[in-house]
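Visitor: Sharing final_28.cif here; it has mmCIF, C-alpha atoms.
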data_model
loop_
_atom_site.label_atom_id
_atom_site.label_comp_id
_atom_site.auth_asym_id
_atom_site.auth_seq_id
_atom_site.Cartn_x
_atom_site.Cartn_y
_atom_site.Cartn_z
CA MET W 28 24.21 -104.25 -163.68
CA SER W 29 26.16 -105.24 -160.59
CA GLU W 30 28.43 -102.73 -158.85
CA GLY W 31 31.46 -104.62 -160.11
CA GLU W 32 30.22 -104.50 -163.70
CA VAL W 33 29.57 -100.75 -163.46
CA VAL W 34 33.10 -100.16 -162.14
CA SER W 35 34.58 -102.37 -164.85
CA LYS W 36 32.60 -100.50 -167.54
CA GLY W 37 33.89 -97.16 -166.28
CA VAL W 38 37.48 -98.35 -166.19
CA GLY W 39 37.19 -99.65 -169.74
CA GLU W 40 35.65 -96.44 -171.09
CA LEU W 41 38.24 -94.26 -169.38
CA ALA W 42 41.01 -96.43 -170.80
CA TYR W 43 39.50 -96.01 -174.28
CA TRP W 44 39.45 -92.22 -174.02
CA SER W 45 42.95 -92.11 -172.58
CA LYS W 46 44.19 -94.04 -175.62
CA ARG W 47 42.31 -91.73 -177.97
CA LYS W 48 43.87 -88.69 -176.33
CA ASP W 49 47.35 -90.21 -176.58
CA ALA W 50 46.75 -90.97 -180.25
CA GLU W 51 45.17 -87.62 -181.21
CA GLY W 52 47.00 -85.30 -178.84
CA LYS W 53 43.85 -83.21 -178.47
CA LEU W 54 40.32 -84.63 -178.58
CA ASP W 55 38.72 -82.65 -181.40
CA ASN W 56 35.04 -81.73 -181.62
CA TYR W 57 34.80 -79.76 -184.88
CA TRP W 58 32.54 -82.36 -186.52
CA PHE W 59 29.77 -82.48 -183.90
CA GLU W 60 27.83 -79.47 -185.16
CA ARG W 61 26.47 -81.08 -188.33
CA PHE W 62 24.97 -83.99 -186.39
CA TYR W 63 23.14 -81.69 -184.00
CA THR W 64 21.88 -79.55 -186.89
CA ASP W 65 21.86 -80.74 -190.51
CA HIS W 66 21.37 -84.41 -189.75
CA PHE W 67 18.10 -83.69 -187.92
CA GLY W 68 16.93 -80.82 -190.13
CA LEU W 69 17.78 -78.18 -187.51
CA THR W 70 19.63 -74.86 -187.69
CA HIS W 71 21.39 -72.55 -185.26
CA ASP W 72 18.09 -70.72 -184.79
CA ASP W 73 16.54 -73.89 -183.32
CA TYR W 74 19.20 -73.76 -180.59
CA ARG W 75 19.07 -70.03 -179.97
CA ASP W 76 18.46 -69.25 -176.27
CA LYS W 77 17.70 -72.95 -175.65
CA ARG W 78 18.82 -75.11 -172.75
CA VAL W 79 20.68 -78.10 -174.23
CA LEU W 80 21.63 -81.37 -172.55
CA ASP W 81 23.94 -84.06 -173.95
CA ILE W 82 23.56 -87.38 -172.09
CA GLY W 83 26.68 -89.52 -172.20
CA CYS W 84 28.63 -86.59 -173.61
CA GLY W 85 32.16 -87.99 -173.47
CA PRO W 86 35.24 -85.73 -173.18
CA ARG W 87 35.35 -84.01 -176.58
CA GLY W 88 33.26 -80.93 -175.79
CA SER W 89 30.28 -81.95 -177.90
CA LEU W 90 28.33 -78.72 -177.33
CA GLU W 91 31.09 -76.14 -177.71
CA TRP W 92 29.78 -75.24 -181.16
CA ALA W 93 26.37 -74.14 -179.76
CA THR W 94 27.38 -70.63 -178.72
CA MET W 95 23.84 -69.40 -179.40
CA ALA W 96 22.33 -71.65 -176.70
CA ARG W 97 21.39 -70.30 -173.29
CA GLU W 98 22.83 -73.30 -171.43
CA ARG W 99 25.03 -76.22 -172.50
CA VAL W 100 25.32 -79.22 -170.19
CA GLY W 101 27.06 -82.54 -170.73
CA VAL W 102 26.29 -85.42 -168.37
CA ASP W 103 28.58 -88.43 -168.05
CA PRO W 104 29.54 -90.74 -165.18
CA LEU W 105 33.21 -90.02 -165.98
CA ALA W 106 32.84 -86.22 -166.23
CA ASP W 107 35.25 -85.53 -163.36
CA ASP W 108 37.91 -87.66 -165.04
CA TYR W 109 37.28 -85.89 -168.35
CA LEU W 110 37.91 -82.53 -166.70
CA GLN W 111 41.38 -83.79 -165.79
CA MET W 112 41.93 -84.80 -169.42
CA GLY W 113 41.33 -81.26 -170.72
CA ALA W 114 37.56 -80.95 -170.79
CA ALA W 115 37.77 -78.15 -168.21
CA GLU W 116 38.76 -75.87 -171.10
CA HIS W 117 35.51 -76.48 -172.95
CA ALA W 118 32.77 -73.83 -173.13
CA MET W 119 30.12 -76.08 -171.57
CA THR W 120 29.23 -77.48 -168.16
CA TYR W 121 30.19 -81.06 -167.28
CA VAL W 122 28.15 -82.95 -164.66
CA ALA W 123 29.25 -86.30 -163.26
CA ALA W 124 26.10 -88.45 -163.26
CA GLY W 125 24.65 -91.53 -164.88
CA ALA W 126 21.89 -91.33 -167.45
CA GLU W 127 19.49 -92.84 -164.91
CA THR W 128 19.83 -90.12 -162.23
CA ILE W 129 20.53 -86.67 -163.64
CA PRO W 130 20.52 -83.94 -160.94
CA TYR W 131 18.26 -81.39 -162.62
CA PRO W 132 14.58 -80.51 -162.02
CA ASP W 133 11.78 -81.63 -164.32
CA ALA W 134 11.56 -79.94 -167.75
CA SER W 135 14.98 -78.32 -167.35
CA PHE W 136 15.99 -78.60 -171.01
CA ASP W 137 14.57 -77.64 -174.39
CA ILE W 138 16.77 -80.01 -176.40
CA VAL W 139 18.05 -83.32 -175.01
CA CYS W 140 20.52 -85.45 -176.96
CA SER W 141 21.81 -88.99 -176.65
CA PHE W 142 24.50 -89.58 -179.27
CA ASN W 143 26.24 -92.94 -179.34
CA SER W 144 25.40 -93.52 -175.69
CA LEU W 145 22.00 -95.23 -175.30
CA ASP W 146 23.51 -98.73 -175.39
CA HIS W 147 26.15 -97.65 -172.85
CA VAL W 148 23.68 -96.97 -170.01
CA ASP W 149 23.19 -99.25 -167.01
CA ASP W 150 19.36 -99.30 -167.12
CA LEU W 151 17.60 -98.52 -170.41
CA GLU W 152 14.12 -97.87 -169.01
CA ALA W 153 15.45 -95.61 -166.24
CA ALA W 154 17.54 -93.65 -168.75
CA ILE W 155 14.55 -93.13 -171.04
CA ALA W 156 12.43 -92.09 -168.04
CA GLU W 157 15.00 -89.37 -167.28
CA MET W 158 14.86 -88.12 -170.86
CA LYS W 159 11.09 -87.85 -170.55
CA ARG W 160 11.36 -86.07 -167.21
CA LEU W 161 14.01 -83.55 -168.24
CA THR W 162 12.67 -82.52 -171.66
CA ALA W 163 10.33 -79.53 -171.50
CA PRO W 164 6.94 -79.83 -173.26
CA GLY W 165 7.41 -79.00 -176.93
CA GLY W 166 11.13 -79.71 -176.61
CA LEU W 167 13.17 -82.08 -178.75
CA LEU W 168 14.97 -85.35 -178.11
CA LEU W 169 17.67 -86.35 -180.60
CA VAL W 170 19.03 -89.91 -180.62
CA ILE W 171 21.84 -91.60 -182.54
CA THR W 172 22.53 -95.12 -181.33
CA ASP W 173 23.91 -98.49 -182.31
CA VAL W 174 21.31 -101.26 -182.63
CA HIS W 175 22.71 -104.69 -181.83
CA ASP W 176 22.29 -107.94 -179.89
CA ARG W 177 25.90 -108.33 -178.75
CA PRO W 178 26.44 -106.96 -175.24
CA THR W 179 29.96 -105.86 -174.33
CA PRO W 180 31.38 -104.48 -171.06
CA GLN W 181 31.16 -100.93 -172.44
CA GLU W 182 27.90 -101.43 -174.40
CA PRO W 183 25.86 -103.75 -172.15
CA ILE W 184 22.39 -102.75 -173.38
CA CYS W 185 20.91 -104.45 -176.46
CA PHE W 186 17.72 -103.50 -178.31
CA ASP W 187 16.08 -103.70 -181.72
CA TRP W 188 14.65 -100.99 -183.97
CA ASP W 189 11.41 -101.03 -181.99
CA VAL W 190 13.21 -99.29 -179.11
CA VAL W 191 11.49 -96.14 -180.45
CA GLU W 192 8.26 -97.46 -178.95
CA HIS W 193 9.78 -97.13 -175.47
CA PHE W 194 9.69 -93.33 -175.80
CA ALA W 195 5.89 -93.17 -176.24
CA PRO W 196 3.54 -91.75 -175.18
CA GLU W 197 5.57 -88.83 -173.80
CA PHE W 198 7.51 -88.41 -177.04
CA ALA W 199 6.08 -88.23 -180.57
CA ILE W 200 8.35 -89.38 -183.42
CA GLN W 201 9.12 -86.62 -185.89
CA SER W 202 11.65 -88.57 -187.96
CA PHE W 203 13.76 -91.69 -187.76
CA ARG W 204 16.10 -93.71 -189.92
CA CYS W 205 17.37 -97.29 -189.80
CA LEU W 206 20.90 -97.28 -191.22
CA GLU W 207 23.64 -99.75 -192.01
CA LYS W 208 26.72 -99.51 -189.79
CA PHE W 209 30.11 -99.27 -191.42
CA GLY W 210 33.39 -99.65 -189.57
CA ASN W 211 33.29 -98.75 -185.90
CA GLY W 212 31.54 -95.41 -186.08
CA ALA W 213 27.89 -94.57 -185.46
CA TYR W 214 28.61 -91.00 -186.57
CA GLN W 215 30.28 -92.07 -189.81
CA SER W 216 27.37 -94.42 -190.53
CA ALA W 217 24.85 -91.67 -189.86
CA GLU W 218 26.72 -89.43 -192.27
CA GLN W 219 26.81 -92.08 -195.01
CA ASN W 220 23.04 -92.46 -194.51
CA ILE W 221 22.67 -95.87 -196.19
CA LEU W 222 19.32 -97.42 -195.26
CA PHE W 223 19.45 -100.73 -193.40
CA ASP W 224 18.62 -103.70 -195.63
CA HIS W 225 16.07 -105.59 -193.53
CA ALA W 226 15.93 -108.36 -196.15
CA ASN W 227 19.55 -109.20 -195.39
CA THR W 228 19.34 -111.60 -192.44
CA GLU W 229 23.05 -111.43 -191.66
CA ARG W 230 23.61 -110.72 -187.98
CA ARG W 231 25.16 -107.26 -187.80
CA TYR W 232 25.05 -103.85 -186.18
CA GLY W 233 22.77 -101.09 -187.37
CA VAL W 234 22.47 -97.41 -186.49
CA LEU W 235 19.19 -95.75 -185.49
CA THR W 236 18.77 -91.99 -185.66
CA ALA W 237 15.54 -90.44 -184.39
CA ARG W 238 14.08 -87.05 -183.61
CA PHE W 239 11.23 -86.83 -181.10
CA MET W 240 9.08 -84.02 -179.74
CA ARG W 241 8.07 -83.95 -176.08
CA VAL W 242 4.29 -84.08 -175.67
CA SER W 243 2.77 -82.14 -172.78
CA ASP W 244 1.73 -84.25 -169.80
CA ALA W 245 -1.13 -81.92 -168.95
CA GLN W 246 -4.36 -82.84 -170.73
CA PRO W 247 -7.57 -80.83 -170.26
CA GLU W 248 -10.46 -82.55 -168.57
CA PRO W 249 -13.06 -83.38 -171.21
CA GLU W 250 -16.55 -81.96 -170.82
CA ALA W 251 -19.32 -84.51 -170.47
CA PRO W 252 -21.13 -84.65 -173.85
CA ASP W 253 -24.92 -84.59 -174.07
CA SER W 254 -24.74 -87.69 -176.23
CA PRO W 255 -21.97 -90.20 -176.93
CA THR W 256 -19.50 -88.92 -179.53
CA PRO W 257 -16.31 -90.47 -180.90
CA SER W 258 -13.40 -89.35 -178.75
CA GLU W 259 -10.31 -87.73 -180.24
CA PRO W 260 -6.97 -89.25 -179.17
CA THR W 261 -4.95 -87.30 -176.62
CA LEU W 262 -1.48 -86.12 -177.62
CA GLY W 263 0.00 -88.99 -175.64
CA GLU W 264 -2.20 -91.51 -177.40
CA ALA W 265 -1.32 -89.95 -180.74
CA ALA W 266 2.39 -90.33 -179.93
CA THR W 267 1.87 -94.02 -179.16
CA GLN W 268 -0.05 -94.45 -182.42
CA LEU W 269 2.74 -92.72 -184.36
CA ALA W 270 5.40 -95.01 -182.86
CA ALA W 271 3.34 -98.09 -183.67
CA ALA W 272 2.68 -96.85 -187.21
CA ALA W 273 6.38 -96.22 -187.71
CA MET W 274 7.27 -99.76 -186.70
CA ARG W 275 4.51 -101.15 -188.95
CA THR W 276 6.08 -99.22 -191.82
CA ILE W 277 9.50 -100.76 -191.12
CA ARG W 278 8.07 -104.26 -190.88
CA SER W 279 5.92 -103.81 -193.98
CA SER W 280 8.87 -102.49 -195.97
CA SER W 281 10.99 -105.40 -194.80
CA GLU W 282 8.32 -107.92 -195.83
CA GLN W 283 7.99 -106.29 -199.25
CA ILE W 284 11.75 -106.40 -199.77
CA VAL W 285 11.90 -110.06 -198.77
CA GLU W 286 8.99 -110.83 -201.11
CA ARG W 287 10.73 -109.10 -204.04
CA VAL W 288 13.98 -110.96 -203.34
CA GLU W 289 12.17 -114.30 -203.21
CA ARG W 290 10.26 -113.52 -206.42
CA ALA W 291 13.47 -112.61 -208.22
CA ARG W 292 15.11 -115.83 -207.00
CA ARG W 293 12.17 -117.91 -208.24
CA ASP W 294 12.24 -116.13 -211.61
CA ARG W 295 15.91 -116.92 -212.05
CA HIS W 296 15.30 -120.60 -211.46
CA SER W 297 12.15 -120.88 -213.56
#
Would you mind giving the structure from this file in structure tokens?
Guide:
Amino acid sequence: MSEGEVVSKGVGELAYWSKRKDAEGKLDNYWFERFYTDHFGLTHDDYRDKRVLDIGCGPRGSLEWATMARERVGVDPLADDYLQMGAAEHAMTYVAAGAETIPYPDASFDIVCSFNSLDHVDDLEAAIAEMKRLTAPGGLLLVITDVHDRPTPQEPICFDWDVVEHFAPEFAIQSFRCLEKFGNGAYQSAEQNILFDHANTERRYGVLTARFMRVSDAQPEPEAPDSPTPSEPTLGEAATQLAAAAMRTIRSSSEQIVERVERARRDRHS
């Protein structure tokens, strides 16, 4: 994105949040907890004494609920502006930075989250590279994002369901869902949990939710065998294979649905 586009995006997002604050009086955050926990099959114990990062956190205090965590950090390019809007009262640390350049050392966090923000970044590959860099081995990455092909000033990045493949080989998929989007809310759609109908070719938004585990970069040097033996895949290779298998499952399911629809249509006309 050009410098002018980045500035325009920031102005638009700040205007949005200013309107929300005027409308709500106080920007609530009581509903965040269930998305960080129940939606991904996690509990408070999974967050206990963990270092947690929310990328593209917004001004609502998304991590205030996680009192059991060791550290709670929200990163957003507009963080300084959010502090002026009341975020300074939140029990978490706000850091003004883009998703592409987060000022923390490697492996600084045990749980990294990107909720309703992945399509807001300026550079998708750079943002994903930061997630890989900042998540400690064995740590988790949680993603909730719109999937669409309609760039806007505030959501300039477009991608399809196969965006999960961009996280391999450093991340292994533990779970993911392709969901229909209803209204304007990714969170509301995630809560309704209605699977995306891939047989419906209507152009529309979807919502992807995914849980990944960070695979260790360090791989032991293999010993030279006395005779050739089949090699086992490394953890990184296994993560890549899992991502590819997941996408094959989506495509296969979509083809089966389309086939059933076509068969039913032919039966009606026969």
Visitor: Write out as a PDB file with C-alpha atoms, in the coordinates of the input which residues come within 9 Å of segment 120-128 of chain W when counting all atoms listed in the file, dropping same-chain ones fewer than 6 positions away.
Guide:
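Below is the file result-v1.pdb, written as the result:
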ATOM      1  CA  ILE W  82      23.560 -87.380-172.090  1.00  0.00           C
ATOM      2  CA  GLY W  83      26.680 -89.520-172.200  1.00  0.00           C
ATOM      3  CA  CYS W  84      28.630 -86.590-173.610  1.00  0.00           C
ATOM      4  CA  GLU W  98      22.830 -73.300-171.430  1.00  0.00           C
ATOM      5  CA  ARG W  99      25.030 -76.220-172.500  1.00  0.00           C
ATOM      6  CA  VAL W 100      25.320 -79.220-170.190  1.00  0.00           C
ATOM      7  CA  GLY W 101      27.060 -82.540-170.730  1.00  0.00           C
ATOM      8  CA  VAL W 102      26.290 -85.420-168.370  1.00  0.00           C
ATOM      9  CA  ASP W 103      28.580 -88.430-168.050  1.00  0.00           C
ATOM     10  CA  PRO W 104      29.540 -90.740-165.180  1.00  0.00           C
ATOM     11  CA  LEU W 105      33.210 -90.020-165.980  1.00  0.00           C
ATOM     12  CA  ALA W 106      32.840 -86.220-166.230  1.00  0.00           C
ATOM     13  CA  ASP W 107      35.250 -85.530-163.360  1.00  0.00           C
ATOM     14  CA  ASP W 108      37.910 -87.660-165.040  1.00  0.00           C
ATOM     15  CA  TYR W 109      37.280 -85.890-168.350  1.00  0.00           C
ATOM     16  CA  LEU W 110      37.910 -82.530-166.700  1.00  0.00           C
ATOM     17  CA  ALA W 114      37.560 -80.950-170.790  1.00  0.00           C
ATOM     18  CA  LEU W 145      22.000 -95.230-175.300  1.00  0.00           C
ATOM     19  CA  VAL W 148      23.680 -96.970-170.010  1.00  0.00           C
ATOM     20  CA  ASP W 149      23.190 -99.250-167.010  1.00  0.00           C
ATOM     21  CA  ASP W 150      19.360 -99.300-167.120  1.00  0.00           C
ATOM     22  CA  LEU W 151      17.600 -98.520-170.410  1.00  0.00           C
ATOM     23  CA  GLU W 152      14.120 -97.870-169.010  1.00  0.00           C
ATOM     24  CA  ALA W 153      15.450 -95.610-166.240  1.00  0.00           C
ATOM     25  CA  ALA W 154      17.540 -93.650-168.750  1.00  0.00           C
ATOM     26  CA  ILE W 155      14.550 -93.130-171.040  1.00  0.00           C
ATOM     27  CA  ALA W 156      12.430 -92.090-168.040  1.00  0.00           C
ATOM     28  CA  GLU W 157      15.000 -89.370-167.280  1.00  0.00           C
ATOM     29  CA  MET W 158      14.860 -88.120-170.860  1.00  0.00           C
TER      30      MET W 158
END
Visitor: Could you expand the PyMOL selection byres ((chain W and resi 61) around 12) into the explicit residues it covers here, written as a VMD selection string?
Guide: chain W and resid 56 to 60 62 to 71 89 to 90 92 to 93 214 to 215 217 to 218
Visitor: For those residues, write C-alpha atoms to a file as a PDB file, in the coordinates of the input.
Guide:
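That gives us out-v5.pdb:
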ATOM      1  CA  ASN W  56      35.040 -81.730-181.620  1.00  0.00           C
ATOM      2  CA  TYR W  57      34.800 -79.760-184.880  1.00  0.00           C
ATOM      3  CA  TRP W  58      32.540 -82.360-186.520  1.00  0.00           C
ATOM      4  CA  PHE W  59      29.770 -82.480-183.900  1.00  0.00           C
ATOM      5  CA  GLU W  60      27.830 -79.470-185.160  1.00  0.00           C
ATOM      6  CA  PHE W  62      24.970 -83.990-186.390  1.00  0.00           C
ATOM      7  CA  TYR W  63      23.140 -81.690-184.000  1.00  0.00           C
ATOM      8  CA  THR W  64      21.880 -79.550-186.890  1.00  0.00           C
ATOM      9  CA  ASP W  65      21.860 -80.740-190.510  1.00  0.00           C
ATOM     10  CA  HIS W  66      21.370 -84.410-189.750  1.00  0.00           C
ATOM     11  CA  PHE W  67      18.100 -83.690-187.920  1.00  0.00           C
ATOM     12  CA  GLY W  68      16.930 -80.820-190.130  1.00  0.00           C
ATOM     13  CA  LEU W  69      17.780 -78.180-187.510  1.00  0.00           C
ATOM     14  CA  THR W  70      19.630 -74.860-187.690  1.00  0.00           C
ATOM     15  CA  HIS W  71      21.390 -72.550-185.260  1.00  0.00           C
ATOM     16  CA  SER W  89      30.280 -81.950-177.900  1.00  0.00           C
ATOM     17  CA  LEU W  90      28.330 -78.720-177.330  1.00  0.00           C
ATOM     18  CA  TRP W  92      29.780 -75.240-181.160  1.00  0.00           C
ATOM     19  CA  ALA W  93      26.370 -74.140-179.760  1.00  0.00           C
ATOM     20  CA  TYR W 214      28.610 -91.000-186.570  1.00  0.00           C
ATOM     21  CA  GLN W 215      30.280 -92.070-189.810  1.00  0.00           C
ATOM     22  CA  ALA W 217      24.850 -91.670-189.860  1.00  0.00           C
ATOM     23  CA  GLU W 218      26.720 -89.430-192.270  1.00  0.00           C
TER      24      GLU W 218
END
Visitor: Go ahead and compute the interatomic distance for atom CA of Gln219 of chain W and atom CA of His175 of chain W, in Å to one decimal.
Guide: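 That distance, rounded to one decimal, is 18.7 Å.
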Visitor: Could you spell out the hits of the PyMOL selection byres ((chain W and resi 113) around 12) on the shown file, as a ChimeraX atom specification?
Guide: /W:44-45,48,52-55,85-88,106-112,114-118,121
Visitor: Enter the distance from atom CA of Arg78 of chain W to atom CA of Phe136 of chain W, in Å, rounded to one decimal.
Guide: 4.8 Å
Visitor: Which residue, W:Met95, W:Val170, W:Ala163, W:Leu41, has the smallest gap to Asn143 of chain W when you use all atoms listed in the file?
Guide: W:Val170
Visitor: Between W:Gly166, W:Ala96, W:Arg47, W:Ala195, which one has atoms that come closest to Arg75 of chain W, using only C-alpha atoms?
Guide: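 Among the listed residues, W:Ala96 lies closest to Arg75 of chain W.
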Visitor: For Arg177 of chain W, which of W:Arg97, W:Lys46, W:Arg230, W:Arg238 is the closest residue, counting only C-alpha atoms?
Guide: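 Looking only at the distances to Arg177 of chain W, the closest residue turns out to be W:Arg230.
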Visitor: Considering all atoms listed in the file, can you say which of W:Leu80, W:Thr236, W:Asp176, W:Arg204 comes closest to Cys140 of chain W?
Guide: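 The shortest atom-to-atom distance to Cys140 of chain W comes from W:Leu80.
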Visitor: Could you work out how far atom CA of Ser135 of chain W lies from atom CA of Leu161 of chain W, giving the answer in Å with one decimal?
Guide: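 Rounded to one decimal, the two atoms are 5.4 Å apart.
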Visitor: So which one's closest to Trp188 of chain W, W:Ala237, W:Ala226, W:Val38, W:Ala134? Using only C-alpha atoms, please.
Guide: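 The closest residue to Trp188 of chain W is W:Ala237.
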Visitor: Pull the neighbourhood of (23.1, -104.0, -172.7) for me: all residues within 8 Å in file coordinates, counting only C-alpha atoms, as a ChimeraX atom specification.
Guide: /W:146-149,177-179,182-186
Visitor: Using the selection just defined, write its residues with C-alpha atoms as a PDB file, in the coordinates of the input.
Guide:
ATOM      1  CA  ASP W 146      23.510 -98.730-175.390  1.00  0.00           C
ATOM      2  CA  HIS W 147      26.150 -97.650-172.850  1.00  0.00           C
ATOM      3  CA  VAL W 148      23.680 -96.970-170.010  1.00  0.00           C
ATOM      4  CA  ASP W 149      23.190 -99.250-167.010  1.00  0.00           C
ATOM      5  CA  ARG W 177      25.900-108.330-178.750  1.00  0.00           C
ATOM      6  CA  PRO W 178      26.440-106.960-175.240  1.00  0.00           C
ATOM      7  CA  THR W 179      29.960-105.860-174.330  1.00  0.00           C
ATOM      8  CA  GLU W 182      27.900-101.430-174.400  1.00  0.00           C
ATOM      9  CA  PRO W 183      25.860-103.750-172.150  1.00  0.00           C
ATOM     10  CA  ILE W 184      22.390-102.750-173.380  1.00  0.00           C
ATOM     11  CA  CYS W 185      20.910-104.450-176.460  1.00  0.00           C
ATOM     12  CA  PHE W 186      17.720-103.500-178.310  1.00  0.00           C
TER      13      PHE W 186
END
Visitor: With distances taken over all atoms listed in the file, which of W:Gly210, W:Gly233, W:Pro196, W:Gly37 is nearest to Ile171 of chain W?
Guide: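 Using all atoms listed in the file, the shortest distance to Ile171 of chain W belongs to W:Gly233.
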